[in-house]
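What follows is one structure encoded as structure tokens, with my remarks underneath.
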Amino acid sequence: MTLSIENIKAGYGKINVLKDLSVPDIEGGSFVGLIGPNASGKSTFFKTLAGLITPSAGKILIGADDVTWLRRRDRARRIAYMPQAYGCNALLSVFESVLLALKQTTGWRVEKDNLDRVSDTLNALGLAHLANRGIADLSGGQAQMVAVAQTIVRAPEVVLLDEPTSALDLHHQLSILTSVRSEMGKKKPVVMAALHDLNLAAKFCDRLVLLREGVILADGPPDRILALPEIGETYRVETDLERTKRGALYVDARLPA
Ligand SMILES: Nc1ncnc2c1ncn2[C@@H]1O[C@H](COP(=O)(O)OP(=O)(O)OP(=O)(O)O)[C@@H](O)[C@H]1O
């Protein structure tokens, strides 16, 4: 399975945000980082892929299927989206909320298989100990990890995570992205995550797409993209790309003198 995004234009009413945006040939099983400064259009891009915004031009293809005009509910079976704001005050336990996410695009009859799938997802993300907690009573970081569970539980073909680590401490940033990667090993979905931390993006992503003002400036492997002068220009900082002793990429950023 391959996801291809071709010449998408989209925005809000007369406000044009995404200007002819193409991301071709994203192979199933790859983890793509969407990077770019505040207001560059990352969430708008995800909302367009998820069917919450209708593009004025362009195509979204999963394999040979054109899903651009698929109804939102049908599309949700194939593309799961975790928005940036995910708060919930419902009187549901964590387990129930993930089960609800699993069942929202199918009938409501719950099979044992569904319960196993919820348990497996919570286990995989290290959240089993929270299963019976009320979702309204979680910390910000716990709620964010549960939102990731709600997104990946259906094992869709495309997973869109809008800043999945913004509320997480260092340990949980690494553990949630490691778990997402290892879950990907099974069904090989395309995973796209909007990430502000370029070092995390370098560590986990196979490919980075750099967005500025609704235009893609660069698209390629992290070691090439993060070395481009466009990175510093886009974020309005000075950067150097280094390799640590362990071989990891490290973006050293500072404000211009
Ligand atoms: N509902 C809306 N109506 C009008 N304009 C909007 C709406 N939502 C977003 N925008 C505008 O679209 C542009 C892109 O916003 P978007 O949320 O896609 O950026 P982003 O890259 O996700 O930003 P951030 O990193 O700050 O989350 C911004 O100029 C924003 O003000």
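In the structure tokens, chains take letters A, B, ... by order of appearance, with residues numbered from 1 within each chain and ligands from 1 in the order shown.
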Please identify every polymer residue within 12 Å of ligand 1, using only C-alpha atoms and all ligand atoms, and present the set as a short mmCIF file (atom, residue, chain, number, x, y, z; two decimals) with C-alpha atoms, in the first residue's frame.
data_model
loop_
_atom_site.label_atom_id
_atom_site.label_comp_id
_atom_site.auth_asym_id
_atom_site.auth_seq_id
_atom_site.Cartn_x
_atom_site.Cartn_y
_atom_site.Cartn_z
CA ALA A 10 -7.11 23.74 0.88
CA GLY A 11 -7.95 26.31 3.54
CA TYR A 12 -10.77 27.94 5.43
CA GLY A 13 -13.34 29.77 3.32
CA LYS A 14 -11.40 32.38 1.38
CA ILE A 15 -8.22 31.79 3.38
CA ASN A 16 -5.95 29.64 1.23
CA VAL A 17 -3.53 27.72 3.50
CA LEU A 18 -2.20 24.72 1.54
CA LYS A 19 -0.83 25.82 -1.81
CA LEU A 34 5.78 16.68 9.12
CA ILE A 35 7.92 19.55 10.32
CA GLY A 36 7.60 23.31 10.01
CA PRO A 37 7.03 26.33 12.21
CA ASN A 38 3.81 27.40 13.92
CA ALA A 39 0.99 28.22 11.47
CA SER A 40 2.80 26.61 8.51
CA GLY A 41 -0.25 24.42 7.78
CA LYS A 42 0.56 21.06 9.43
CA SER A 43 -2.84 20.65 11.15
CA THR A 44 -4.65 21.92 8.07
CA PHE A 45 -2.84 19.27 6.03
CA PHE A 46 -3.87 16.49 8.44
CA LYS A 47 -7.47 17.75 8.61
CA THR A 48 -7.61 17.70 4.81
CA LEU A 52 -12.50 17.44 7.94
CA ILE A 53 -11.57 20.08 5.33
CA PRO A 83 -5.98 16.02 16.50
CA GLN A 84 -3.85 18.37 18.55
CA ALA A 85 -6.68 19.07 21.01
CA LEU A 161 -0.68 12.10 14.69
CA ASP A 162 -0.74 15.84 15.26
CA GLU A 163 2.02 16.60 17.78
CA PRO A 164 1.70 13.28 19.64
CA SER A 166 3.81 17.72 22.99
CA ALA A 193 3.35 12.78 12.72
CA ALA A 194 3.63 16.55 13.06
CA LEU A 195 6.65 17.09 15.28
CA HIS A 196 8.23 20.25 16.63
CA ASP A 197 11.23 18.47 18.16
CA LEU A 210 9.30 20.48 5.64
CA LEU A 211 6.37 22.87 5.37
CA ARG A 212 6.47 26.67 5.31
CA GLU A 213 3.46 28.88 4.68
CA GLY A 214 1.51 26.02 3.12
CA VAL A 215 4.28 25.06 0.69
CA ILE A 216 6.57 22.03 0.85
CA TYR A 235 12.55 28.34 11.78
#
- Message: Using DSSP secondary structure from the backbone, list all alpha helix (DSSP H) positions within stretch 31-98 of chain A, as a count of residues only.
- Response: 21
- Task: Choose the residue, out of A:Gly63, A:Gly51, A:Gly220, A:Gly33, that has the smallest atom-to-atom separation from A:Leu198; count only C-alpha atoms.
- Result: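 Nearest candidate to A:Leu198 out of A:Gly63, A:Gly51, A:Gly220, A:Gly33: A:Gly33.
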- Item | Best match for closeness to A:Gly185 among A:Gly29, A:Glu111, A:Val23, A:Leu217, counting only C-alpha atoms | A:Gly29
- Item | Neighbour list for A:Ser179 as a list of chain:residue names, cut-off 9 Å, only C-alpha atoms, skip fewer than 3 positions in-chain | A:Ala124, A:Leu125, A:Gly126, A:Leu174, A:Ser175, A:Ile176, A:Ser182, A:Glu183, A:Met184
- Query: Which residue, A:His129, A:Thr121, A:Asp206, A:Arg73, has the smallest gap to A:Val180 when you use only C-alpha atoms?
  - Reply: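 Checking each of A:His129, A:Thr121, A:Asp206, A:Arg73 against A:Val180, counting only C-alpha atoms, the winner is A:Thr121.
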- Item | Every residue of stretch 150-204 of chain A that DSSP places in strand (DSSP E), as a PyMOL selection string | chain A and resi 158-162+190-194
Can I get the selection written as a tab-separated table (two decimals), in the first residue's frame, with N, CA and C atoms?
chain	number	residue	atom	x	y	z
A	158	VAL	N	-3.64	4.41	7.27
A	158	VAL	CA	-2.90	5.66	7.44
A	158	VAL	C	-3.20	6.22	8.84
A	159	VAL	N	-2.14	6.54	9.57
A	159	VAL	CA	-2.28	7.10	10.92
A	159	VAL	C	-1.69	8.51	10.91
A	160	LEU	N	-2.49	9.49	11.31
A	160	LEU	CA	-2.02	10.88	11.35
A	160	LEU	C	-1.99	11.33	12.80
A	161	LEU	N	-0.83	11.70	13.29
A	161	LEU	CA	-0.68	12.10	14.69
A	161	LEU	C	-0.22	13.55	14.73
A	162	ASP	N	-1.09	14.42	15.23
A	162	ASP	CA	-0.74	15.84	15.26
A	162	ASP	C	-0.08	16.17	16.60
A	190	VAL	N	0.98	3.62	6.88
A	190	VAL	CA	1.75	4.86	6.77
A	190	VAL	C	1.48	5.63	8.06
A	191	VAL	N	2.52	6.06	8.75
A	191	VAL	CA	2.32	6.93	9.91
A	191	VAL	C	2.91	8.29	9.59
A	192	MET	N	2.11	9.34	9.78
A	192	MET	CA	2.63	10.71	9.63
A	192	MET	C	2.42	11.41	10.96
A	193	ALA	N	3.47	12.05	11.45
A	193	ALA	CA	3.35	12.78	12.72
A	193	ALA	C	3.89	14.18	12.55
A	194	ALA	N	3.12	15.17	13.01
A	194	ALA	CA	3.63	16.55	13.06
A	194	ALA	C	4.48	16.64	14.32
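Nearest residue to A:Arg133, choosing from A:Glu242, A:Lys203, A:Ser93, A:Lys59 and counting only C-alpha atoms: A:Ser93.
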- Return the single residue from A:Ala227, A:Leu100, A:Val94, A:Leu3 that is closest to A:Val32, with distances computed using only C-alpha atoms.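 The shortest atom-to-atom distance to A:Val32 comes from A:Leu3.
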- Message: Report, in Å with one decimal, the straight-line distance from atom CA of A:Pro222 to atom CA of A:Ser4.
- Response: 19.4 Å
